[in-house]
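Q: One structure follows; several queries about it will come next.
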Amino acid sequence: MNEITSIEKMLDRVLDHVDRPVAEAHGLPNTCYTDADYLKLERERVFAPNWACIGFGKDLPNKGDYKPVELLGLPLLILRDQDDQIKVFHNVCSHRGMILVEKAGNTKGVLRCPYHSWCYSLNGELAMTPHVGGPGNNRHDDVDPKKHGLREVRSAVWMDVIFINLDGKAEPFEQRIAPMQERWKDFLDVEVHHTGEDSSFSFDVNCNWKLAVENYCESYHLPWIHPGLNSYSRLEDHYHIIENNDYSGQGSEVFQPLKDDNGKRFPRIDDIDKKWDTSSEYTALYPNVLLGIHNDHFFAIQLEPKSINRTVEHVELYYLKKESTGDDYADLRKKNAESWHEVFAEDIFVVEGMQKGRNSEGFDGGVFSPAMDTPTHAFHIWVARQLAKAA
Amino acid sequence: MNQELEALNGQLLDLMQREEIALVAEIYEKGAALHFSNGAVEEACFYWTNALVFALQRGEWERVDRLRANLKEHQRI
């Protein structure tokens with residue numbers, strides 16, 4: 001049996017076993033975590049038709065900033081144009097397919113392909129084709145610049161998170177984000193503030209990206225994996241979040257703001273539902289971004305799949321009040337970053353352990369606790385339905 | 001090729017190898033002027049073109065306008 005046939009057969013099983021009531025369902029089979037050919041299929045069926053995260057606006061603070069990124073091997077280019085808008089293009093010259101940009105930078109002019117110096121404006125138009133008609137002659141009747149601009153990818157920015165829809169056919173982003181936005185409507189008009197290196201860190205983890213989502217969605221593991229967190233935010237203080245197969249996660253009803261030794265905390269936003277005095281929420285917005293909201297700060301984690309069994313988790317912390325970005329809060333910001341770093345680092349051995357377990361012949365999807373694993377099950381159903389849609 | 005042009009080309013090679021493009025457009029433009037003053041229009045257009053590429057990249061818009069005007073005058077863009 002060839003690889004594709006084998007994967008197609010596996011997909012039948014995915015639908016049959018996963019998309020059932022939680023008490024009867026099995027998880028996605030091992031192939032979805034271990035097979036490199038499956039990952040190609042996942043790019044086509046899970047990432048391309050949806051809104052996937054590829055980065056953060058804070059990495060391109062100025063007009064003319066550009067940054068190359070990859071999504072499952074696909075070279076892309078994010079830039080901030082002269083109208084201050086984030087745009088995403090395929091990072092490839094229309095001429096001979098040379099990678100256009102190899103490293104991040106800023107341009108006050110055009111992007112120049114290093115191979116034959118074809119130049120592109122920041123809105124992707126082909127601005128110059130030097131010597132295309134022979135030495136010193138910069139036009140040729142058969143090379144119409146209007147036809148050979150950079151290929152733009154549909155993109156949107158929300159809470160500084162940059163999303164793309166590769167196939168261009170997904171529902172409008174506003175529609176996609178509406179349920180999440182409704183849930184967090186108190187934070188809609190809040191500007192998020194990033195403070196640079198002291199609010200960024202990453203983990204290079206030996207696991208499939210889905211395991212990071214699955215682990216993030218549920219609070220069941222708290223007592224054993226996060227004993228420190230569980231000492232004040234206990235398992236029974238958490239609730240599940242599942243919404244229309246758009247996102248899932250968990251909330252805590254006993255959020256306690258971080259304080260320094262003098263009791264100073266980050267300024268919080270007021271005039272919001274009282275629920276947020278003591279609540280915080282953590283959701284996985286499918287496919288690959290994990291979010292956390294509190295009344296004083298927010299974080300987003302981009303899961304960048306590097307291979308079938310390797311994921312880089314880019315963690316970015318944002319503050320909801322401008323005052324929190326000042327020097328007088330630098331120590332508290334450092335403490336906050338260290339605190340979250342510790343929590344997320346605690347998860348590494350379990351996601352890597354689950355990855356190793358996916359090579360076992362004694363496991364092929366497992367079961368869910370109908371009481372505790374419903375957010376994770378919701379994610380499995382979502383993945384299974386994405387695979388089925390295109391099958 | 002006269003000595004001045006040779007020196008300019010040497011400078012260009014050096015700058016390009018070091019990926020320091022700040023002066024490249026200016027030097028190409030100087031080279032174009034030398035060619036043009038020698039009556040070598042083809043060569044001047046070649047140099048103006050190269051100058052234009054780097055002027056565009058750096059957003060040297062006054063230079064871009066000037067170079068475009070030269071190339072337009074000789075129907076090269």
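Residue numbering restarts at 1 in every chain; chains get A, B, ... in the order shown in the structure tokens, and ligands count up from 1 in that same order.
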If the cut-off is 6 Å, can you tell me the residues of chain A near chain B, counting only C-alpha atoms? I'd like them as a list in words.
A: Lys108, Gly109, Val110, Pro135, Gly136, Asn137, Asn138 and Arg139 of chain A
Q: Emit the selected residues as a compact mmCIF listing (two decimals), in the first residue's frame, including N, CA, C and O atoms.
A:
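Result file is part_0.txt:
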```txt
# COMPACT_ATOMS: atom_id res chain seq x y z
N LYS A 108 13.07 51.66 3.00
CA LYS A 108 12.35 52.91 2.73
C LYS A 108 11.92 52.93 1.27
O LYS A 108 11.24 53.84 0.81
N GLY A 109 12.34 51.92 0.55
CA GLY A 109 11.99 51.87 -0.87
C GLY A 109 11.31 50.56 -1.23
O GLY A 109 10.26 50.23 -0.68
N VAL A 110 11.96 49.81 -2.12
CA VAL A 110 11.35 48.58 -2.61
C VAL A 110 12.07 47.36 -2.04
O VAL A 110 13.11 47.49 -1.41
N PRO A 135 20.59 44.65 -22.14
CA PRO A 135 21.34 45.58 -21.31
C PRO A 135 20.88 47.03 -21.47
O PRO A 135 20.84 47.56 -22.58
N GLY A 136 20.52 47.62 -20.35
CA GLY A 136 20.09 49.02 -20.36
C GLY A 136 18.66 49.24 -20.79
O GLY A 136 18.16 50.36 -20.76
N ASN A 137 17.97 48.17 -21.17
CA ASN A 137 16.59 48.29 -21.61
C ASN A 137 15.70 47.57 -20.58
O ASN A 137 15.81 46.36 -20.42
N ASN A 138 14.83 48.33 -19.95
CA ASN A 138 14.17 47.81 -18.75
C ASN A 138 12.72 47.41 -18.95
O ASN A 138 11.95 47.34 -18.00
N ARG A 139 12.36 47.17 -20.16
CA ARG A 139 11.02 46.65 -20.43
C ARG A 139 11.10 45.70 -21.61
O ARG A 139 12.02 45.77 -22.43
```
Q: Excluding region 103-105 of chain A and any residue of its chain fewer than 5 positions from it, enumerate the residues within 12 Å of it, using only C-alpha atoms, and give them as a ChimeraX atom specification.
A: /A:59-70,75-80,91,110-111
Q: Pull N, CA, C and O atoms from the residues just selected and write them as a PDB file, in the first residue's frame.
A:
```pdb
ATOM      1  N   ASP A  59       6.622  42.481  15.882  1.00  0.00           N
ATOM      2  CA  ASP A  59       7.903  42.224  15.219  1.00  0.00           C
ATOM      3  C   ASP A  59       8.127  43.142  14.025  1.00  0.00           C
ATOM      4  O   ASP A  59       9.217  43.144  13.435  1.00  0.00           O
ATOM      5  N   LEU A  60       7.096  43.885  13.643  1.00  0.00           N
ATOM      6  CA  LEU A  60       7.203  44.820  12.518  1.00  0.00           C
ATOM      7  C   LEU A  60       6.630  46.160  12.968  1.00  0.00           C
ATOM      8  O   LEU A  60       5.563  46.574  12.528  1.00  0.00           O
ATOM      9  N   PRO A  61       7.348  46.850  13.866  1.00  0.00           N
ATOM     10  CA  PRO A  61       6.753  48.056  14.458  1.00  0.00           C
ATOM     11  C   PRO A  61       6.714  49.262  13.521  1.00  0.00           C
ATOM     12  O   PRO A  61       5.884  50.149  13.710  1.00  0.00           O
ATOM     13  N   ASN A  62       7.614  49.288  12.533  1.00  0.00           N
ATOM     14  CA  ASN A  62       7.731  50.491  11.694  1.00  0.00           C
ATOM     15  C   ASN A  62       7.306  50.247  10.251  1.00  0.00           C
ATOM     16  O   ASN A  62       7.440  49.131   9.729  1.00  0.00           O
ATOM     17  N   LYS A  63       6.836  51.312   9.635  1.00  0.00           N
ATOM     18  CA  LYS A  63       6.516  51.225   8.201  1.00  0.00           C
ATOM     19  C   LYS A  63       7.770  50.772   7.452  1.00  0.00           C
ATOM     20  O   LYS A  63       8.868  51.269   7.723  1.00  0.00           O
ATOM     21  N   GLY A  64       7.613  49.852   6.532  1.00  0.00           N
ATOM     22  CA  GLY A  64       8.758  49.377   5.760  1.00  0.00           C
ATOM     23  C   GLY A  64       9.451  48.170   6.379  1.00  0.00           C
ATOM     24  O   GLY A  64      10.347  47.586   5.772  1.00  0.00           O
ATOM     25  N   ASP A  65       9.030  47.768   7.602  1.00  0.00           N
ATOM     26  CA  ASP A  65       9.626  46.566   8.210  1.00  0.00           C
ATOM     27  C   ASP A  65       9.143  45.327   7.457  1.00  0.00           C
ATOM     28  O   ASP A  65       7.978  45.248   7.053  1.00  0.00           O
ATOM     29  N   TYR A  66      10.035  44.384   7.302  1.00  0.00           N
ATOM     30  CA  TYR A  66       9.648  43.112   6.678  1.00  0.00           C
ATOM     31  C   TYR A  66      10.312  41.962   7.411  1.00  0.00           C
ATOM     32  O   TYR A  66      11.358  42.132   8.047  1.00  0.00           O
ATOM     33  N   LYS A  67       9.692  40.802   7.314  1.00  0.00           N
ATOM     34  CA  LYS A  67      10.210  39.637   8.030  1.00  0.00           C
ATOM     35  C   LYS A  67       9.836  38.364   7.270  1.00  0.00           C
ATOM     36  O   LYS A  67       8.652  38.160   6.983  1.00  0.00           O
ATOM     37  N   PRO A  68      10.822  37.532   6.950  1.00  0.00           N
ATOM     38  CA  PRO A  68      10.473  36.251   6.320  1.00  0.00           C
ATOM     39  C   PRO A  68      10.038  35.242   7.382  1.00  0.00           C
ATOM     40  O   PRO A  68      10.612  35.212   8.470  1.00  0.00           O
ATOM     41  N   VAL A  69       9.025  34.478   7.076  1.00  0.00           N
ATOM     42  CA  VAL A  69       8.585  33.404   7.975  1.00  0.00           C
ATOM     43  C   VAL A  69       8.267  32.175   7.121  1.00  0.00           C
ATOM     44  O   VAL A  69       8.208  32.265   5.890  1.00  0.00           O
ATOM     45  N   GLU A  70       8.079  31.060   7.789  1.00  0.00           N
ATOM     46  CA  GLU A  70       7.669  29.847   7.066  1.00  0.00           C
ATOM     47  C   GLU A  70       6.465  29.239   7.756  1.00  0.00           C
ATOM     48  O   GLU A  70       6.350  29.309   8.976  1.00  0.00           O
ATOM     49  N   PRO A  75       7.522  29.364   2.189  1.00  0.00           N
ATOM     50  CA  PRO A  75       8.154  30.652   2.505  1.00  0.00           C
ATOM     51  C   PRO A  75       7.198  31.827   2.316  1.00  0.00           C
ATOM     52  O   PRO A  75       6.613  32.010   1.242  1.00  0.00           O
ATOM     53  N   LEU A  76       7.063  32.611   3.372  1.00  0.00           N
ATOM     54  CA  LEU A  76       6.156  33.758   3.356  1.00  0.00           C
ATOM     55  C   LEU A  76       6.901  35.003   3.820  1.00  0.00           C
ATOM     56  O   LEU A  76       7.944  34.905   4.482  1.00  0.00           O
ATOM     57  N   LEU A  77       6.327  36.136   3.503  1.00  0.00           N
ATOM     58  CA  LEU A  77       6.954  37.405   3.837  1.00  0.00           C
ATOM     59  C   LEU A  77       5.886  38.297   4.465  1.00  0.00           C
ATOM     60  O   LEU A  77       4.843  38.533   3.858  1.00  0.00           O
ATOM     61  N   ILE A  78       6.158  38.744   5.694  1.00  0.00           N
ATOM     62  CA  ILE A  78       5.239  39.687   6.340  1.00  0.00           C
ATOM     63  C   ILE A  78       5.866  41.067   6.217  1.00  0.00           C
ATOM     64  O   ILE A  78       7.082  41.214   6.416  1.00  0.00           O
ATOM     65  N   LEU A  79       5.072  42.069   5.895  1.00  0.00           N
ATOM     66  CA  LEU A  79       5.628  43.429   5.899  1.00  0.00           C
ATOM     67  C   LEU A  79       4.588  44.426   6.391  1.00  0.00           C
ATOM     68  O   LEU A  79       3.392  44.153   6.416  1.00  0.00           O
ATOM     69  N   ARG A  80       5.105  45.571   6.834  1.00  0.00           N
ATOM     70  CA  ARG A  80       4.226  46.671   7.221  1.00  0.00           C
ATOM     71  C   ARG A  80       4.378  47.742   6.151  1.00  0.00           C
ATOM     72  O   ARG A  80       5.469  48.284   5.959  1.00  0.00           O
ATOM     73  N   ASN A  91       6.978  34.614  -0.300  1.00  0.00           N
ATOM     74  CA  ASN A  91       8.325  35.199  -0.288  1.00  0.00           C
ATOM     75  C   ASN A  91       9.154  34.651  -1.448  1.00  0.00           C
ATOM     76  O   ASN A  91      10.142  33.940  -1.254  1.00  0.00           O
ATOM     77  N   VAL A 110      11.962  49.811  -2.115  1.00  0.00           N
ATOM     78  CA  VAL A 110      11.347  48.581  -2.615  1.00  0.00           C
ATOM     79  C   VAL A 110      12.070  47.359  -2.041  1.00  0.00           C
ATOM     80  O   VAL A 110      13.112  47.489  -1.414  1.00  0.00           O
ATOM     81  N   LEU A 111      11.494  46.180  -2.293  1.00  0.00           N
ATOM     82  CA  LEU A 111      12.195  44.930  -2.000  1.00  0.00           C
ATOM     83  C   LEU A 111      12.869  44.494  -3.297  1.00  0.00           C
ATOM     84  O   LEU A 111      12.215  44.387  -4.333  1.00  0.00           O
TER      85      LEU A 111
END
```
Q: Applying 8 Å and only C-alpha atoms, which residues near region 244-253 of chain A remain after dropping the ones on its own chain fewer than 3 positions away? List them as JSON, numbers by chain.
A: {"A": [176, 179, 180, 216, 217, 218, 219, 233, 237, 238, 239, 240, 241, 278, 279, 280, 281, 282, 283, 284, 285, 286, 375, 376, 378, 379, 381, 382]}
Q: Near Cys93 (chain A), counting only C-alpha atoms, which residues have an atom at most 8 Å away, once you skip same-chain residues fewer than 5 positions from it, shown as a PyMOL selection string?
A: chain A and resi 98-100+113+118+150
Q: If you run DSSP over the backbone, which residues in region 120-346 of chain A end up helix (DSSP H, G or I)? Put them as an NGL selection string.
A: :A and (145-147 or 173-183 or 185-187 or 196-199 or 209-217 or 222-225 or 227-230 or 235-237 or 275-278 or 322-325 or 327-346)
Q: Would you mind exporting the chosen residues as an mmCIF file, in the first residue's frame, restricted to C-alpha atoms?
A:
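The file below, out.cif, is the result:
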```
data_model
loop_
_atom_site.group_PDB
_atom_site.id
_atom_site.type_symbol
_atom_site.label_atom_id
_atom_site.label_comp_id
_atom_site.auth_asym_id
_atom_site.auth_seq_id
_atom_site.Cartn_x
_atom_site.Cartn_y
_atom_site.Cartn_z
ATOM 1 C CA PRO A 145 4.802 44.079 -14.783
ATOM 2 C CA LYS A 146 1.092 44.103 -13.892
ATOM 3 C CA LYS A 147 0.989 40.325 -14.215
ATOM 4 C CA PHE A 173 -11.753 36.798 9.347
ATOM 5 C CA GLU A 174 -14.305 39.002 11.124
ATOM 6 C CA GLN A 175 -16.710 36.096 10.973
ATOM 7 C CA ARG A 176 -14.082 33.615 12.093
ATOM 8 C CA ILE A 177 -13.076 35.652 15.128
ATOM 9 C CA ALA A 178 -16.596 36.747 16.091
ATOM 10 C CA PRO A 179 -17.275 34.014 18.699
ATOM 11 C CA MET A 180 -13.923 34.596 20.397
ATOM 12 C CA GLN A 181 -14.450 38.331 20.200
ATOM 13 C CA GLU A 182 -17.901 38.019 21.732
ATOM 14 C CA ARG A 183 -16.507 36.000 24.613
ATOM 15 C CA LYS A 185 -15.798 41.627 24.209
ATOM 16 C CA ASP A 186 -14.686 43.510 27.319
ATOM 17 C CA PHE A 187 -11.198 43.612 25.840
ATOM 18 C CA GLY A 196 10.207 43.788 23.583
ATOM 19 C CA GLU A 197 12.627 41.142 24.714
ATOM 20 C CA ASP A 198 11.483 41.087 28.327
ATOM 21 C CA SER A 199 8.078 39.932 27.130
ATOM 22 C CA TRP A 209 1.997 20.936 17.335
ATOM 23 C CA LYS A 210 -1.375 19.342 18.127
ATOM 24 C CA LEU A 211 -0.106 17.945 21.416
ATOM 25 C CA ALA A 212 0.673 21.486 22.559
ATOM 26 C CA VAL A 213 -2.921 22.475 21.737
ATOM 27 C CA GLU A 214 -4.369 19.441 23.477
ATOM 28 C CA ASN A 215 -2.369 19.984 26.627
ATOM 29 C CA TYR A 216 -3.243 23.682 26.713
ATOM 30 C CA CYS A 217 -6.967 23.092 26.355
ATOM 31 C CA LEU A 222 -2.902 20.872 36.749
ATOM 32 C CA PRO A 223 -2.453 19.047 40.090
ATOM 33 C CA TRP A 224 0.354 16.896 38.776
ATOM 34 C CA ILE A 225 2.156 19.031 36.231
ATOM 35 C CA PRO A 227 1.622 21.976 41.496
ATOM 36 C CA GLY A 228 2.653 25.580 42.087
ATOM 37 C CA LEU A 229 -0.200 26.947 40.000
ATOM 38 C CA ASN A 230 -2.581 24.400 41.475
ATOM 39 C CA LEU A 235 -8.552 21.994 39.530
ATOM 40 C CA GLU A 236 -12.020 22.600 40.932
ATOM 41 C CA ASP A 237 -11.664 26.343 40.296
ATOM 42 C CA LYS A 275 -16.334 38.423 36.251
ATOM 43 C CA TRP A 276 -12.859 39.553 35.226
ATOM 44 C CA ASP A 277 -12.005 40.679 38.758
ATOM 45 C CA THR A 278 -11.284 37.068 39.587
ATOM 46 C CA LYS A 322 0.282 51.602 28.792
ATOM 47 C CA GLU A 323 1.612 52.383 32.298
ATOM 48 C CA SER A 324 2.691 48.747 32.660
ATOM 49 C CA THR A 325 5.282 49.266 29.934
ATOM 50 C CA ASP A 327 10.608 51.356 33.641
ATOM 51 C CA ASP A 328 8.922 51.323 37.031
ATOM 52 C CA TYR A 329 7.258 48.041 36.055
ATOM 53 C CA ALA A 330 10.354 46.429 34.534
ATOM 54 C CA ASP A 331 10.999 44.181 37.543
ATOM 55 C CA LEU A 332 7.375 43.087 37.696
ATOM 56 C CA ARG A 333 7.370 42.364 33.954
ATOM 57 C CA LYS A 334 10.493 40.259 34.416
ATOM 58 C CA LYS A 335 8.792 38.392 37.231
ATOM 59 C CA ASN A 336 5.679 37.874 35.108
ATOM 60 C CA ALA A 337 7.710 36.507 32.195
ATOM 61 C CA GLU A 338 9.627 34.195 34.554
ATOM 62 C CA SER A 339 6.398 33.020 36.104
ATOM 63 C CA TRP A 340 4.817 32.097 32.766
ATOM 64 C CA HIS A 341 8.086 30.625 31.522
ATOM 65 C CA GLU A 342 8.092 28.309 34.524
ATOM 66 C CA VAL A 343 4.492 27.217 33.945
ATOM 67 C CA PHE A 344 4.940 26.556 30.223
ATOM 68 C CA ALA A 345 8.269 24.812 30.786
ATOM 69 C CA GLU A 346 6.508 22.417 33.153
#
```
Q: Find the residues around Glu4 (chain B) up to 12 Å (only C-alpha atoms counted), leave out those fewer than 2 positions away in its own chain, and share them as an MDAnalysis selection string.
A: chainID B and resid 1:2 6:11 27 30:35
Q: Where in region 139-364 of chain A does DSSP assign strand (DSSP E or B), given as a PyMOL selection string?
A: chain A and resi 140+143+152-158+161-165+193+200-205+238-243+247-252+259+265+280-285+289-293+297-307+310-319
